[in-house]
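**Student:** Take a look at structure.txt, compact mmCIF, C-alpha atoms:
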# COMPACT_ATOMS: atom_id res chain seq x y z
CA MET I 1314 0.00 0.00 0.00
CA SER I 1315 1.39 3.37 -0.93
CA VAL I 1316 0.83 6.20 1.48
CA LEU I 1317 0.91 9.73 0.29
CA ALA I 1318 2.14 12.07 3.01
CA TYR I 1319 2.22 15.75 2.24
CA GLY I 1320 2.99 17.46 5.52
CA TYR I 1321 -0.26 17.72 7.42
CA ALA I 1322 -2.37 14.71 6.35
CA VAL I 1323 -2.13 11.17 5.07
CA TRP I 1324 -3.85 9.80 1.99
CA ALA I 1325 -4.06 6.00 1.88
CA PRO I 1326 -6.67 4.51 -0.49
CA LEU I 1327 -6.99 1.27 1.51
CA ILE I 1328 -7.89 3.14 4.69
CA TRP I 1329 -10.63 5.03 2.85
CA ILE I 1330 -12.02 1.81 1.33
CA VAL I 1331 -12.16 0.25 4.81
CA VAL I 1332 -13.84 3.38 6.20
CA LEU I 1333 -16.45 3.35 3.40
CA VAL I 1334 -17.16 -0.37 3.91
CA VAL I 1335 -17.59 0.17 7.67
CA ILE I 1336 -19.96 3.11 7.04
CA GLY I 1337 -21.87 1.02 4.48
CA VAL I 1338 -22.31 -1.85 6.93
CA MET I 1339 -23.45 0.56 9.66
CA VAL I 1340 -26.03 2.10 7.28
CA LEU I 1341 -27.36 -1.35 6.31
CA ILE I 1342 -27.66 -2.39 9.97
CA TRP I 1343 -29.44 0.88 10.76
CA ARG I 1344 -31.77 0.41 7.78
CA ASN I 1345 -32.65 -3.15 8.84
CA ARG I 1346 -33.67 -1.88 12.28
CA GLY I 1347 -36.35 0.33 10.69
CA GLN I 1348 -40.12 -0.03 10.48
CA LYS I 1349 -41.02 -3.43 9.01
CA SER I 1350 -44.79 -3.41 9.35
CA TYR I 1351 -45.52 -1.54 6.10
CA LYS I 1352 -48.00 -3.47 3.97
CA LYS I 1353 -46.68 -3.56 0.43
CA GLY I 1354 -49.09 -2.55 -2.33
CA THR I 1355 -51.16 -0.36 0.02
CA ALA I 1356 -51.12 3.37 0.72
CA GLN I 1357 -48.58 2.68 3.47
CA THR I 1358 -45.84 2.39 0.85
CA ASP I 1359 -47.05 5.29 -1.31
CA ILE I 1360 -45.19 8.56 -1.52
CA PHE I 1361 -46.37 11.07 1.09
CA LEU I 1362 -47.10 14.48 -0.40
CA SER I 1363 -48.92 16.28 2.42
CA GLY I 1364 -51.99 14.13 1.83
CA VAL I 1365 -52.33 15.22 -1.80
CA ARG I 1366 -52.82 12.51 -4.43
CA VAL I 1367 -49.50 11.68 -6.05
CA PRO I 1368 -49.71 11.24 -9.84
CA PRO I 1369 -48.74 7.80 -11.15
CA GLU I 1370 -45.15 7.18 -12.15
CA GLY I 1371 -44.38 8.64 -15.54
CA GLN I 1372 -46.72 11.59 -14.99
CA ARG I 1373 -44.65 13.30 -12.34
CA HIS I 1374 -43.10 16.20 -14.17
CA VAL I 1375 -41.41 19.33 -13.04
CA LYS I 1376 -42.17 21.71 -15.87
CA SER I 1377 -39.52 24.20 -16.97
CA GLU I 1378 -41.89 27.01 -16.01
CA ASN I 1379 -41.80 25.68 -12.43
CA ILE I 1380 -38.04 26.09 -12.37
CA TYR I 1381 -38.28 29.67 -13.66
CA TRP I 1382 -41.15 30.66 -11.37
CA GLY I 1383 -38.97 32.71 -9.02
CA PHE I 1384 -37.24 34.36 -11.95
CA PHE I 1385 -40.54 35.41 -13.53
CA GLU I 1386 -41.94 36.50 -10.17
CA ALA I 1387 -38.89 38.67 -9.40
CA LEU I 1388 -38.97 40.32 -12.85
CA LYS I 1389 -42.76 40.58 -13.08
CA ARG I 1390 -42.76 44.38 -13.28
CA LEU I 1391 -40.16 44.39 -16.05
CA TYR I 1392 -42.05 41.74 -18.03
CA SER I 1393 -45.42 43.45 -17.68
CA GLY I 1394 -43.82 46.68 -18.95
CA MET I 1395 -42.03 44.94 -21.82
CA MET I 1396 -45.06 42.96 -22.95
CA LYS I 1397 -47.09 46.09 -23.79
CA PRO I 1398 -44.90 47.28 -26.71
CA HIS I 1399 -44.52 43.70 -28.00
CA THR I 1400 -47.86 43.57 -29.76
CA GLY I 1401 -46.80 41.06 -32.43
CA ILE I 1402 -47.85 43.50 -35.23
CA VAL I 1403 -45.06 44.24 -37.75
CA ASN I 1404 -46.25 47.81 -38.28
CA ASP I 1405 -45.65 48.56 -34.61
CA TYR I 1406 -42.13 47.14 -34.75
CA ILE I 1407 -41.31 49.21 -37.88
CA LEU I 1408 -42.65 52.27 -36.09
CA TRP I 1409 -40.30 51.56 -33.16
CA LEU I 1410 -37.39 51.11 -35.60
CA VAL I 1411 -38.12 54.41 -37.37
CA ALA I 1412 -38.52 56.23 -34.06
CA VAL I 1413 -35.27 54.88 -32.61
CA LEU I 1414 -33.42 55.66 -35.86
CA ALA I 1415 -34.80 59.20 -35.87
CA ILE I 1416 -33.67 59.76 -32.27
CA ALA I 1417 -30.23 58.30 -33.02
CA ILE I 1418 -29.80 60.50 -36.13
CA LEU I 1419 -30.94 63.53 -34.15
CA ILE I 1420 -28.42 62.84 -31.38
CA LEU I 1421 -25.64 62.32 -33.95
CA ALA I 1422 -26.58 65.51 -35.78
CA VAL I 1423 -26.68 67.60 -32.62
CA SER I 1424 -23.46 66.22 -31.18
CA GLY I 1425 -21.71 66.63 -34.54
CA MET B 69 -49.44 1.10 33.58
CA ASN B 70 -46.85 -1.38 32.47
CA LEU B 71 -45.90 -1.16 28.78
CA LYS B 72 -44.16 -4.27 27.56
CA VAL B 73 -45.20 -4.98 23.97
CA PHE B 74 -44.97 -1.53 22.39
CA ASN B 75 -41.55 -0.81 23.81
CA ARG B 76 -40.27 1.97 21.60
CA ALA B 77 -40.54 5.74 21.29
CA LEU B 78 -43.98 6.98 20.34
CA TRP B 79 -43.97 9.09 17.18
CA VAL B 80 -46.91 11.33 16.40
CA TYR B 81 -48.05 12.91 13.15
CA HIS B 82 -50.09 16.06 13.65
CA LEU B 83 -52.79 16.73 11.06
CA ASN B 84 -54.68 20.02 11.04
CA THR B 85 -57.97 19.65 9.16
CA GLY B 86 -59.07 23.26 9.52
CA SER B 87 -58.42 24.08 13.14
CA CYS B 88 -58.25 27.67 14.40
CA ASN B 89 -54.74 26.82 15.68
CA GLY B 90 -55.82 26.99 19.31
CA CYS B 91 -55.38 23.23 19.76
CA ASP B 92 -52.24 23.24 17.63
CA ILE B 93 -50.61 25.79 19.91
CA GLU B 94 -51.48 23.67 22.95
CA ILE B 95 -49.97 20.64 21.21
CA LEU B 96 -46.76 22.60 20.69
CA ALA B 97 -46.91 23.62 24.36
CA VAL B 98 -46.64 19.92 25.23
CA PHE B 99 -43.16 19.97 23.70
CA THR B 100 -41.97 23.09 25.52
CA PRO B 101 -39.58 22.78 28.51
CA ARG B 102 -42.49 23.02 30.98
CA TYR B 103 -44.00 19.70 29.82
CA ASP B 104 -41.24 18.32 27.60
CA VAL B 105 -42.76 15.03 26.46
CA GLU B 106 -39.76 14.40 24.24
CA ARG B 107 -37.97 13.11 27.33
CA PHE B 108 -40.33 10.09 27.07
CA GLY B 109 -39.47 9.61 23.39
CA ILE B 110 -42.74 11.18 22.23
CA LYS B 111 -42.13 13.44 19.28
CA LEU B 112 -43.82 14.96 16.26
CA VAL B 113 -42.74 13.58 12.91
CA GLY B 114 -43.07 15.06 9.43
CA SER B 115 -44.63 12.07 7.69
CA PRO B 116 -47.52 9.75 8.61
CA ARG B 117 -45.38 6.89 7.33
CA HIS B 118 -43.12 7.37 10.35
CA ALA B 119 -45.92 7.71 12.89
CA ASP B 120 -47.61 5.47 15.43
CA VAL B 121 -50.27 8.00 16.36
CA LEU B 122 -52.29 10.25 14.06
CA LEU B 123 -53.21 13.34 16.03
CA VAL B 124 -56.01 15.25 14.31
CA THR B 125 -57.29 18.74 15.08
CA GLY B 126 -60.04 20.74 13.43
CA PRO B 127 -63.59 19.97 12.28
CA VAL B 128 -62.53 18.54 8.85
CA GLY B 129 -63.36 20.89 5.99
CA ARG B 130 -64.87 19.43 2.83
CA SER B 131 -61.64 19.90 0.86
CA MET B 132 -59.68 18.00 3.52
CA GLU B 133 -61.72 14.79 3.44
CA ASP B 134 -59.59 12.97 0.85
CA SER B 135 -56.36 14.08 2.50
CA VAL B 136 -57.51 12.84 5.91
CA LYS B 137 -58.40 9.43 4.49
CA ARG B 138 -55.16 9.22 2.52
CA ILE B 139 -52.99 10.24 5.45
CA TYR B 140 -54.76 7.77 7.75
CA ALA B 141 -54.14 5.00 5.21
CA GLN B 142 -50.46 5.92 5.08
CA VAL B 143 -49.85 5.36 8.79
CA PRO B 144 -48.35 1.89 9.31
CA ASP B 145 -50.15 -0.61 11.56
CA PRO B 146 -50.67 -0.69 14.47
CA LYS B 147 -51.99 2.87 14.54
CA VAL B 148 -54.08 4.98 16.84
CA VAL B 149 -56.02 8.16 16.03
CA MET B 150 -56.37 10.98 18.54
CA ALA B 151 -58.96 13.73 18.06
CA VAL B 152 -57.77 16.80 19.95
CA GLY B 153 -60.23 19.59 20.66
CA ASN B 154 -63.99 19.99 20.58
CA CYS B 155 -64.08 20.71 16.83
CA GLY B 156 -62.49 17.40 15.96
CA ALA B 157 -64.49 15.50 18.55
CA GLU B 158 -67.98 16.78 17.78
CA GLY B 159 -67.82 19.89 15.59
CA ASP B 160 -68.28 22.42 18.42
CA VAL B 161 -69.63 25.75 17.10
CA PHE B 162 -69.18 24.51 13.52
CA TYR B 163 -71.47 21.52 14.03
CA GLU B 164 -73.40 20.76 10.82
CA ALA B 165 -71.81 23.69 8.97
CA TYR B 166 -72.25 23.41 5.19
CA SER B 167 -68.49 23.38 4.51
CA LEU B 168 -67.68 20.55 6.89
CA VAL B 169 -67.77 16.78 6.59
CA GLY B 170 -66.56 16.11 10.12
CA PRO B 171 -66.29 15.54 12.99
CA ILE B 172 -63.26 13.34 12.54
CA ASP B 173 -64.93 10.06 13.48
CA GLN B 174 -67.24 10.47 10.47
CA ILE B 175 -64.17 10.11 8.24
CA ILE B 176 -61.75 7.79 10.05
CA PRO B 177 -62.01 5.70 13.24
CA VAL B 178 -60.97 7.64 16.33
CA ASP B 179 -59.48 5.88 19.35
CA VAL B 180 -58.92 8.72 21.81
CA TYR B 181 -60.89 11.95 22.21
CA VAL B 182 -59.35 14.91 24.03
CA PRO B 183 -62.15 17.47 24.50
CA GLY B 184 -61.51 21.14 25.19
CA CYS B 185 -61.44 24.46 23.38
CA PRO B 186 -58.51 24.21 23.42
CA PRO B 187 -57.64 21.30 25.73
CA ARG B 188 -54.94 21.94 28.30
CA PRO B 189 -51.51 20.40 27.66
CA GLU B 190 -52.06 18.08 30.63
CA ALA B 191 -55.20 16.70 28.94
CA ILE B 192 -53.31 16.16 25.68
CA ILE B 193 -50.54 14.31 27.54
CA HIS B 194 -53.16 12.17 29.25
CA GLY B 195 -54.67 11.43 25.86
CA VAL B 196 -51.28 10.40 24.49
CA VAL B 197 -50.82 8.04 27.45
CA MET B 198 -54.21 6.47 26.67
CA ALA B 199 -53.21 6.19 23.01
CA TRP B 200 -50.01 4.47 24.07
CA ALA B 201 -51.98 2.01 26.18
CA LYS B 202 -54.30 1.35 23.23
CA LEU B 203 -51.30 0.72 20.96
CA GLU B 204 -50.08 -1.79 23.50
CA LYS B 205 -53.38 -3.66 23.09
CA LEU B 206 -53.29 -3.37 19.28
CA VAL B 207 -49.78 -4.80 19.09
CA LYS B 208 -51.09 -7.83 20.97
CA GLN B 209 -54.08 -8.17 18.60
CA PRO B 210 -53.07 -6.76 15.18
CA ALA B 211 -56.48 -7.16 13.53
CA ARG B 212 -57.96 -3.74 14.01
CA GLN B 213 -61.68 -3.43 14.42
CA ALA B 214 -62.73 -0.63 12.10
CA MET B 215 -64.80 2.19 13.56
CA ALA B 216 -64.44 0.79 17.07
CA GLY B 217 -65.72 2.88 19.94
CA GLY B 218 -63.28 5.48 21.21
CA GLU B 219 -62.04 6.44 24.63
CA VAL B 220 -62.38 9.83 26.23
CA ALA B 221 -59.26 11.31 27.81
What is this file in structure tokens?
**Tutor:**
Amino acid sequence: MSVLAYGYAVWAPLIWIVVLVVIGVMVLIWRNRGQKSYKKGTAQTDIFLSGVRVPPEGQRHVKSENIYWGFFEALKRLYSGMMKPHTGIVNDYILWLVAVLAIAILILAVSG
Amino acid sequence: MNLKVFNRALWVYHLNTGSCNGCDIEILAVFTPRYDVERFGIKLVGSPRHADVLLVTGPVGRSMEDSVKRIYAQVPDPKVVMAVGNCGAEGDVFYEAYSLVGPIDQIIPVDVYVPGCPPRPEAIIHGVVMAWAKLEKLVKQPARQAMAGGEVA
């Protein structure tokens, strides 16, 4: 067994394997001491979700919009403001383009 | 009382079915340093799957009926149900209200009733002791008699 010593600690793979095996055995013993009276195939082995019916396996989805909920909530004011000009009508977008171009040309003309 | 068969810590799942929180506060008082039932191994757990006792408060609102049945079914056997407070025991001032389907024993079998509005912590502790004694009997005879008559703490 090779032991790597670098001043303030020792790294020996065998020791870590033994430690992991011991921890694994302890976890298994602990697990075997647990509740054994659950009746399989009944509600006693179902997932507990605060008493709410849990959808069957394969229908439990976390939608992407759930992940972004906090993001949307935090930026709600920005989005509600930004959604008004985004009407989806091309004429409106061209109007915005012309207006922004006019302002830019005006600023360039004034500043020289 | 000599407990021999059910010789482990008693874990309790607390289910609020629409209580005003009066009973719930008294239940929490049972765990404060003044009463400190945790020294006897009695503690509240976060899942009915870990519980021996289902402690129910509130008069059971219509929307809670399914949840109450589901949670009761999820408690492993042997199990005991405690109804804490007048609302859970007999509806109290909400008796026959349109939005209720309770009291609790109309939904699931109740073993121990702890009356009071809210009951004192001493009464709740006494109820837990009676529940413990009932569990002792149930461990001896696992076949539970559904909707059996309850005991009053």
**Student:** For chain I versus chain B, which residues have an atom no more than 7 Å away, and what is each residue's nearest atom pair and distance in Å rounded to one decimal, using all atoms listed in the file, chain-then-number order, as CSV?
**Tutor:**
residue,atom,partner,partner_atom,distance
I:Ser1350,CA,B:Pro144,CA,6.4
I:Tyr1351,CA,B:Pro144,CA,5.5
I:Ala1356,CA,B:Gln142,CA,5.1
I:Gln1357,CA,B:Gln142,CA,4.1
I:Phe1361,CA,B:Ser115,CA,6.9
I:Gly1364,CA,B:Ser135,CA,4.4
I:Val1365,CA,B:Ser135,CA,6.0
**Student:** Which is closest to Asp173 of chain B among B:Leu203, B:Val80, B:Ala191, B:Met150, if we use all atoms listed in the file?
**Tutor:**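 With all atoms listed in the file as the atom set, the closest residue is B:Met150.
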**Student:** Please define a box with edges along x, y and z of the file around all atoms of segment 1345-1363 of chain I given in the file, extend it by 3 Å on each side, and return its centre and edge lengths in Å to one decimal, as JSON.
**Tutor:**
{"center_x": -41.9, "center_y": 6.4, "center_z": 5.0, "size_x": 24.5, "size_y": 25.8, "size_z": 20.6}
**Student:** Measure the distance from atom CA of Val124 of chain B to atom CA of Lys1352 of chain I in Å and round it to one decimal.
**Tutor:** 22.8 Å
**Student:** Using only C-alpha atoms, which of B:Ile172, B:Pro127, B:Lys111, B:Gly159 sits nearest Val98 of chain B?
**Tutor:** B:Lys111
**Student:** Please report the interatomic distance between atom CA of Ile1360 of chain I and atom CA of Gln1348 of chain I in Å with one decimal.
**Tutor:**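 For atom CA of Ile1360 of chain I relative to atom CA of Gln1348 of chain I, the distance reads 15.6 Å.
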**Student:** To one decimal in Å, tell me the separation between atom CA of Lys205 of chain B and atom CA of Ile192 of chain B.
**Tutor:** 20.0 Å
